[in-house]
Every structure is written in structure tokens, then in C-alpha cells.
Amino acid sequence: MASLNVGNLGEFLREQRRTAQLSLRQLADAAGVSNPYLSQIERGLRKPSAEILQQLAKALRISAETLYVQAGILDERQGLDGVEVQTAILTDPALNERQKQVLLQIYESFRKENGLGSGGKETAVSGPEDGHGADSLETEADGGPHAT
């Protein structure tokens with residue numbers, strides 16, 4: 001059974017809050033928790049429930065699963081390395097093929113920028129089949145003259 005490693009969770013939350021450029025008070029308000037309670041979580045003095053972690057994740061715009069792993073509630077998944085995100089994009093019925101390819105290219109570029117490399121589906125991020133090159137994809141993604 002995994003035990004809560006609250007110190008690491010608190011440090012992780014603080015870093016995420018700072019990255020999101022939120023004050024302690026702003027995050028507490030957005031997550032619907034009190035200032036002192038959030039401060040105690042960040043300092044490793046409190047063990048938040050899964051529900052509180054979910055509220056914090058929503059306010060920070062990160063996945064609740066990420067916080068659950070940090071808190072020791074869930075075991076970190078090994079070997080997926082971005083495949084889940086790619087699968088979600090590729091199977092989303094609300095996106096057309098061009099949108100899927102643009103999202104995959106952006107996702108992959110962020111992973112490379114952060115030193116994580118390929119998510120394992122190189123063919124999924126190859127150019128779209130509609131005949132446009134990568135340059136037109138960027139223009140379309142930005143809502144430029146070729147956007148549909």
C-alpha cells in the first residue's frame with residue numbers, strides 16, 4: 001500500500017502554483033480551500049483528500065492523476081511516455097484529422113523542448129494527408145488566413 005509522501009506533494013504543489021503565477025490566496029480561492037489549509041499542504045503538514053487534490057488540480061489546470069501520483073495515492077505508470085495523450089487526441093471524435101495532426105505536432109514539440117523526446121508514435125505526428133505542409137499547419141492553428 002502506498003503511503004502519502006506529503007513533503008514531496010507540497011513542494012510539487014508550490015512549484016506548480018508558482019509556474020502558474022498564482023499566489024497562495026489565488027490558488028486557495030480557485031480550489032475552494034482556505035489559505036491556511038493550502039499553506040499547510042504546501043509545507044507538508046496536512047494530507048489532502050483525493051477530492052481536495054482534484055480541486056487543486058483543476059485550479060492549476062493539471063491532471064488530478066499527476067497530484068494523486070505525487071501524493072502516493074496512485075502508482076506512477078511506467079512505460080507510457082506520452083502515448084496516452086496521443087491516443088486521446090487520435091481517438092477524439094470532436095476533432096478532424098487536420099486538427100489532430102496539429103495538436104500532435106504541438107504536443108511533440110513541447111515534449112522535445114522539455115527533453116522528453118518522442119511519445120512512441122512517430123507516424124502519428126507525421127504531416128497531414130490533406131496536402132498542406134507544416135508551415136500551413138502553423139498558420140491554420142493560429143487562426144490565420146488558411147484556418148477553417
# chains A, B, ... in the order shown; residues from 1 in each chain; ligands from 1
$ residues_around --residues "Ile52 (chain A)" --least-positions-apart "2" --cutoff "10 Å" --atoms "only C-alpha atoms" --output "list in words"
Ala31, Gly32, Val33, Leu38, Lys47, Pro48, Ser49, Ala50, Gln54, Gln55, Leu56, Ala57, Lys58 and Ala64 of chain A
$ write_last_selection --atoms "all heavy atoms" --output "short mmCIF file (atom, residue, chain, number, x, y, z; two decimals), in the first residue's frame"
data_model
loop_
_atom_site.label_atom_id
_atom_site.label_comp_id
_atom_site.auth_asym_id
_atom_site.auth_seq_id
_atom_site.Cartn_x
_atom_site.Cartn_y
_atom_site.Cartn_z
N ALA A 31 -9.46 26.90 -5.83
CA ALA A 31 -9.69 25.50 -5.50
C ALA A 31 -10.78 25.33 -4.44
O ALA A 31 -11.18 24.20 -4.16
CB ALA A 31 -8.39 24.87 -5.00
N GLY A 32 -11.22 26.42 -3.85
CA GLY A 32 -12.26 26.34 -2.85
C GLY A 32 -11.79 25.81 -1.51
O GLY A 32 -12.53 25.14 -0.79
N VAL A 33 -10.53 26.10 -1.18
CA VAL A 33 -9.99 25.71 0.14
C VAL A 33 -9.49 26.97 0.84
O VAL A 33 -9.32 28.01 0.22
CB VAL A 33 -8.83 24.68 0.01
CG1 VAL A 33 -9.32 23.40 -0.64
CG2 VAL A 33 -7.65 25.25 -0.74
N LEU A 38 -4.22 25.37 2.55
CA LEU A 38 -3.33 25.20 1.41
C LEU A 38 -1.88 25.40 1.83
O LEU A 38 -1.00 24.65 1.42
CB LEU A 38 -3.70 26.17 0.28
CG LEU A 38 -2.83 26.09 -0.98
CD1 LEU A 38 -2.81 24.68 -1.56
CD2 LEU A 38 -3.31 27.09 -2.01
N LYS A 47 -2.42 16.25 4.98
CA LYS A 47 -2.61 15.26 3.92
C LYS A 47 -3.98 15.51 3.29
O LYS A 47 -5.00 15.16 3.89
CB LYS A 47 -2.56 13.85 4.50
CG LYS A 47 -1.24 13.48 5.11
CD LYS A 47 -1.28 12.10 5.70
CE LYS A 47 0.05 11.76 6.34
NZ LYS A 47 0.03 10.41 6.94
N PRO A 48 -4.01 16.10 2.11
CA PRO A 48 -5.31 16.40 1.49
C PRO A 48 -6.00 15.15 0.98
O PRO A 48 -5.35 14.17 0.60
CB PRO A 48 -4.94 17.34 0.34
CG PRO A 48 -3.54 16.95 0.00
CD PRO A 48 -2.89 16.53 1.30
N SER A 49 -7.31 15.19 0.96
CA SER A 49 -8.10 14.09 0.41
C SER A 49 -7.98 14.09 -1.12
O SER A 49 -7.54 15.08 -1.72
CB SER A 49 -9.57 14.24 0.80
OG SER A 49 -10.12 15.38 0.16
N ALA A 50 -8.43 13.00 -1.72
CA ALA A 50 -8.44 12.91 -3.18
C ALA A 50 -9.32 14.01 -3.77
O ALA A 50 -9.01 14.57 -4.83
CB ALA A 50 -8.91 11.54 -3.63
N GLN A 54 -8.17 16.88 -6.36
CA GLN A 54 -8.86 17.10 -7.63
C GLN A 54 -9.19 18.59 -7.81
O GLN A 54 -9.01 19.13 -8.90
CB GLN A 54 -10.12 16.26 -7.70
CG GLN A 54 -10.80 16.32 -9.05
CD GLN A 54 -11.97 15.35 -9.14
OE1 GLN A 54 -12.50 14.89 -8.14
NE2 GLN A 54 -12.38 15.05 -10.36
N GLN A 55 -9.65 19.24 -6.77
CA GLN A 55 -9.96 20.68 -6.84
C GLN A 55 -8.69 21.48 -7.12
O GLN A 55 -8.71 22.43 -7.92
CB GLN A 55 -10.59 21.14 -5.53
CG GLN A 55 -11.98 20.62 -5.29
CD GLN A 55 -12.49 20.88 -3.88
OE1 GLN A 55 -13.05 20.01 -3.26
NE2 GLN A 55 -12.26 22.08 -3.37
N LEU A 56 -7.59 21.12 -6.48
CA LEU A 56 -6.32 21.81 -6.71
C LEU A 56 -5.83 21.60 -8.14
O LEU A 56 -5.36 22.53 -8.80
CB LEU A 56 -5.26 21.35 -5.71
CG LEU A 56 -5.46 21.81 -4.27
CD1 LEU A 56 -4.56 21.03 -3.32
CD2 LEU A 56 -5.21 23.31 -4.16
N ALA A 57 -5.97 20.37 -8.62
CA ALA A 57 -5.55 20.06 -9.99
C ALA A 57 -6.34 20.89 -10.99
O ALA A 57 -5.78 21.44 -11.94
CB ALA A 57 -5.71 18.57 -10.28
N LYS A 58 -7.64 20.98 -10.78
CA LYS A 58 -8.49 21.76 -11.68
C LYS A 58 -8.07 23.23 -11.66
O LYS A 58 -7.95 23.86 -12.71
CB LYS A 58 -9.96 21.61 -11.28
CG LYS A 58 -10.91 22.29 -12.21
CD LYS A 58 -12.35 22.02 -11.82
CE LYS A 58 -13.31 22.71 -12.78
NZ LYS A 58 -14.71 22.48 -12.41
N ALA A 64 -5.53 15.55 -12.34
CA ALA A 64 -5.66 15.08 -10.96
C ALA A 64 -4.75 13.88 -10.74
O ALA A 64 -4.17 13.71 -9.66
CB ALA A 64 -7.10 14.74 -10.64
#
$ atom_distance --atom1 "CA of Leu9 (chain A)" --atom2 "CA of Val69 (chain A)"
8.9 Å
$ closest_residue --among "A:Ile106, A:Ala28, A:Ile89, A:Leu53" --to "Ala71 (chain A)" --atoms "only C-alpha atoms"
A:Leu53
$ residues_around --residues "Gln70 (chain A)" --least-positions-apart "3" --cutoff "7 Å" --atoms "only C-alpha atoms" --output "list in words"
Asn8, Leu9, Thr66 and Leu67 of chain A
$ write_last_selection --atoms "N, CA, C and O atoms" --output "tab-separated table (two decimals), in the first residue's frame"
chain	number	residue	atom	x	y	z
A	8	ASN	N	6.87	15.86	-0.54
A	8	ASN	CA	7.06	15.99	-1.98
A	8	ASN	C	5.82	16.58	-2.65
A	8	ASN	O	5.93	17.35	-3.59
A	9	LEU	N	4.65	16.20	-2.18
A	9	LEU	CA	3.42	16.76	-2.73
A	9	LEU	C	3.38	18.27	-2.52
A	9	LEU	O	3.08	19.02	-3.44
A	66	THR	N	-1.84	13.39	-11.83
A	66	THR	CA	-0.50	13.87	-11.50
A	66	THR	C	-0.37	14.11	-10.00
A	66	THR	O	0.62	13.72	-9.38
A	67	LEU	N	-1.38	14.75	-9.43
A	67	LEU	CA	-1.34	15.01	-7.99
A	67	LEU	C	-1.52	13.73	-7.18
A	67	LEU	O	-0.90	13.57	-6.12
$ atom_distance --atom1 "CA of Leu90 (chain A)" --atom2 "CA of Ile73 (chain A)"
28.7 Å
$ atom_distance --atom1 "CA of Leu27 (chain A)" --atom2 "CA of Leu74 (chain A)"
23.3 Å
$ closest_residue --among "A:Gln26, A:Gly10, A:Gln21, A:Phe110" --to "Leu45 (chain A)" --atoms "only C-alpha atoms"
A:Gly10
$ decode --residues "region 81-93 of chain A" --atoms "all heavy atoms" --output "PDB file, in the first residue's frame"
ATOM      1  N   ASP A  81       4.925   7.034 -21.454  1.00  0.00           N
ATOM      2  CA  ASP A  81       5.703   8.105 -22.066  1.00  0.00           C
ATOM      3  C   ASP A  81       4.954   8.901 -23.136  1.00  0.00           C
ATOM      4  O   ASP A  81       5.407   9.032 -24.262  1.00  0.00           O
ATOM      5  CB  ASP A  81       6.998   7.519 -22.642  1.00  0.00           C
ATOM      6  CG  ASP A  81       8.061   8.588 -22.868  1.00  0.00           C
ATOM      7  OD1 ASP A  81       8.056   9.594 -22.134  1.00  0.00           O
ATOM      8  OD2 ASP A  81       8.887   8.417 -23.779  1.00  0.00           O
ATOM      9  N   GLY A  82       3.786   9.414 -22.804  1.00  0.00           N
ATOM     10  CA  GLY A  82       3.066  10.284 -23.723  1.00  0.00           C
ATOM     11  C   GLY A  82       2.092   9.578 -24.642  1.00  0.00           C
ATOM     12  O   GLY A  82       1.357  10.230 -25.370  1.00  0.00           O
ATOM     13  N   VAL A  83       2.073   8.256 -24.631  1.00  0.00           N
ATOM     14  CA  VAL A  83       1.208   7.510 -25.542  1.00  0.00           C
ATOM     15  C   VAL A  83      -0.264   7.794 -25.236  1.00  0.00           C
ATOM     16  O   VAL A  83      -1.084   7.901 -26.149  1.00  0.00           O
ATOM     17  CB  VAL A  83       1.513   5.996 -25.481  1.00  0.00           C
ATOM     18  CG1 VAL A  83       0.506   5.199 -26.274  1.00  0.00           C
ATOM     19  CG2 VAL A  83       2.919   5.734 -25.987  1.00  0.00           C
ATOM     20  N   GLU A  84      -0.601   7.936 -23.955  1.00  0.00           N
ATOM     21  CA  GLU A  84      -1.992   8.198 -23.574  1.00  0.00           C
ATOM     22  C   GLU A  84      -2.522   9.482 -24.206  1.00  0.00           C
ATOM     23  O   GLU A  84      -3.640   9.518 -24.686  1.00  0.00           O
ATOM     24  CB  GLU A  84      -2.113   8.331 -22.056  1.00  0.00           C
ATOM     25  CG  GLU A  84      -2.358   7.042 -21.351  1.00  0.00           C
ATOM     26  CD  GLU A  84      -2.632   7.288 -19.891  1.00  0.00           C
ATOM     27  OE1 GLU A  84      -3.694   7.842 -19.565  1.00  0.00           O
ATOM     28  OE2 GLU A  84      -1.773   6.916 -19.095  1.00  0.00           O
ATOM     29  N   VAL A  85      -1.715  10.529 -24.163  1.00  0.00           N
ATOM     30  CA  VAL A  85      -2.143  11.810 -24.730  1.00  0.00           C
ATOM     31  C   VAL A  85      -2.354  11.669 -26.227  1.00  0.00           C
ATOM     32  O   VAL A  85      -3.365  12.117 -26.772  1.00  0.00           O
ATOM     33  CB  VAL A  85      -1.112  12.923 -24.430  1.00  0.00           C
ATOM     34  CG1 VAL A  85      -1.479  14.209 -25.153  1.00  0.00           C
ATOM     35  CG2 VAL A  85      -0.998  13.154 -22.932  1.00  0.00           C
ATOM     36  N   GLN A  86      -1.427  11.017 -26.883  1.00  0.00           N
ATOM     37  CA  GLN A  86      -1.549  10.832 -28.330  1.00  0.00           C
ATOM     38  C   GLN A  86      -2.776  10.004 -28.676  1.00  0.00           C
ATOM     39  O   GLN A  86      -3.493  10.316 -29.622  1.00  0.00           O
ATOM     40  CB  GLN A  86      -0.282  10.196 -28.893  1.00  0.00           C
ATOM     41  CG  GLN A  86       0.912  11.127 -28.801  1.00  0.00           C
ATOM     42  CD  GLN A  86       2.190  10.488 -29.275  1.00  0.00           C
ATOM     43  OE1 GLN A  86       2.302   9.282 -29.399  1.00  0.00           O
ATOM     44  NE2 GLN A  86       3.176  11.326 -29.545  1.00  0.00           N
ATOM     45  N   THR A  87      -3.023   8.973 -27.911  1.00  0.00           N
ATOM     46  CA  THR A  87      -4.196   8.136 -28.154  1.00  0.00           C
ATOM     47  C   THR A  87      -5.473   8.939 -27.963  1.00  0.00           C
ATOM     48  O   THR A  87      -6.412   8.839 -28.763  1.00  0.00           O
ATOM     49  CB  THR A  87      -4.189   6.910 -27.218  1.00  0.00           C
ATOM     50  OG1 THR A  87      -2.997   6.173 -27.465  1.00  0.00           O
ATOM     51  CG2 THR A  87      -5.392   6.024 -27.452  1.00  0.00           C
ATOM     52  N   ALA A  88      -5.514   9.753 -26.909  1.00  0.00           N
ATOM     53  CA  ALA A  88      -6.694  10.580 -26.654  1.00  0.00           C
ATOM     54  C   ALA A  88      -6.948  11.539 -27.813  1.00  0.00           C
ATOM     55  O   ALA A  88      -8.087  11.707 -28.256  1.00  0.00           O
ATOM     56  CB  ALA A  88      -6.525  11.354 -25.349  1.00  0.00           C
ATOM     57  N   ILE A  89      -5.900  12.144 -28.321  1.00  0.00           N
ATOM     58  CA  ILE A  89      -6.048  13.070 -29.445  1.00  0.00           C
ATOM     59  C   ILE A  89      -6.535  12.319 -30.684  1.00  0.00           C
ATOM     60  O   ILE A  89      -7.485  12.741 -31.349  1.00  0.00           O
ATOM     61  CB  ILE A  89      -4.719  13.802 -29.740  1.00  0.00           C
ATOM     62  CG1 ILE A  89      -4.387  14.770 -28.599  1.00  0.00           C
ATOM     63  CG2 ILE A  89      -4.798  14.554 -31.077  1.00  0.00           C
ATOM     64  CD1 ILE A  89      -2.987  15.363 -28.675  1.00  0.00           C
ATOM     65  N   LEU A  90      -5.902  11.197 -30.983  1.00  0.00           N
ATOM     66  CA  LEU A  90      -6.237  10.446 -32.189  1.00  0.00           C
ATOM     67  C   LEU A  90      -7.645   9.855 -32.168  1.00  0.00           C
ATOM     68  O   LEU A  90      -8.250   9.649 -33.216  1.00  0.00           O
ATOM     69  CB  LEU A  90      -5.214   9.335 -32.424  1.00  0.00           C
ATOM     70  CG  LEU A  90      -3.833   9.806 -32.857  1.00  0.00           C
ATOM     71  CD1 LEU A  90      -2.832   8.657 -32.804  1.00  0.00           C
ATOM     72  CD2 LEU A  90      -3.867  10.425 -34.241  1.00  0.00           C
ATOM     73  N   THR A  91      -8.169   9.577 -31.004  1.00  0.00           N
ATOM     74  CA  THR A  91      -9.493   8.954 -30.910  1.00  0.00           C
ATOM     75  C   THR A  91     -10.606   9.936 -30.580  1.00  0.00           C
ATOM     76  O   THR A  91     -11.758   9.516 -30.440  1.00  0.00           O
ATOM     77  CB  THR A  91      -9.486   7.822 -29.851  1.00  0.00           C
ATOM     78  OG1 THR A  91      -9.108   8.373 -28.593  1.00  0.00           O
ATOM     79  CG2 THR A  91      -8.532   6.718 -30.250  1.00  0.00           C
ATOM     80  N   ASP A  92     -10.293  11.211 -30.474  1.00  0.00           N
ATOM     81  CA  ASP A  92     -11.319  12.212 -30.142  1.00  0.00           C
ATOM     82  C   ASP A  92     -12.208  12.465 -31.356  1.00  0.00           C
ATOM     83  O   ASP A  92     -11.763  13.000 -32.372  1.00  0.00           O
ATOM     84  CB  ASP A  92     -10.664  13.516 -29.689  1.00  0.00           C
ATOM     85  CG  ASP A  92     -11.658  14.514 -29.134  1.00  0.00           C
ATOM     86  OD1 ASP A  92     -12.846  14.474 -29.517  1.00  0.00           O
ATOM     87  OD2 ASP A  92     -11.248  15.330 -28.309  1.00  0.00           O
ATOM     88  N   PRO A  93     -13.484  12.111 -31.271  1.00  0.00           N
ATOM     89  CA  PRO A  93     -14.381  12.283 -32.414  1.00  0.00           C
ATOM     90  C   PRO A  93     -14.721  13.746 -32.705  1.00  0.00           C
ATOM     91  O   PRO A  93     -15.210  14.058 -33.785  1.00  0.00           O
ATOM     92  CB  PRO A  93     -15.631  11.499 -32.010  1.00  0.00           C
ATOM     93  CG  PRO A  93     -15.606  11.484 -30.524  1.00  0.00           C
ATOM     94  CD  PRO A  93     -14.165  11.490 -30.128  1.00  0.00           C
TER      95      PRO A  93
END
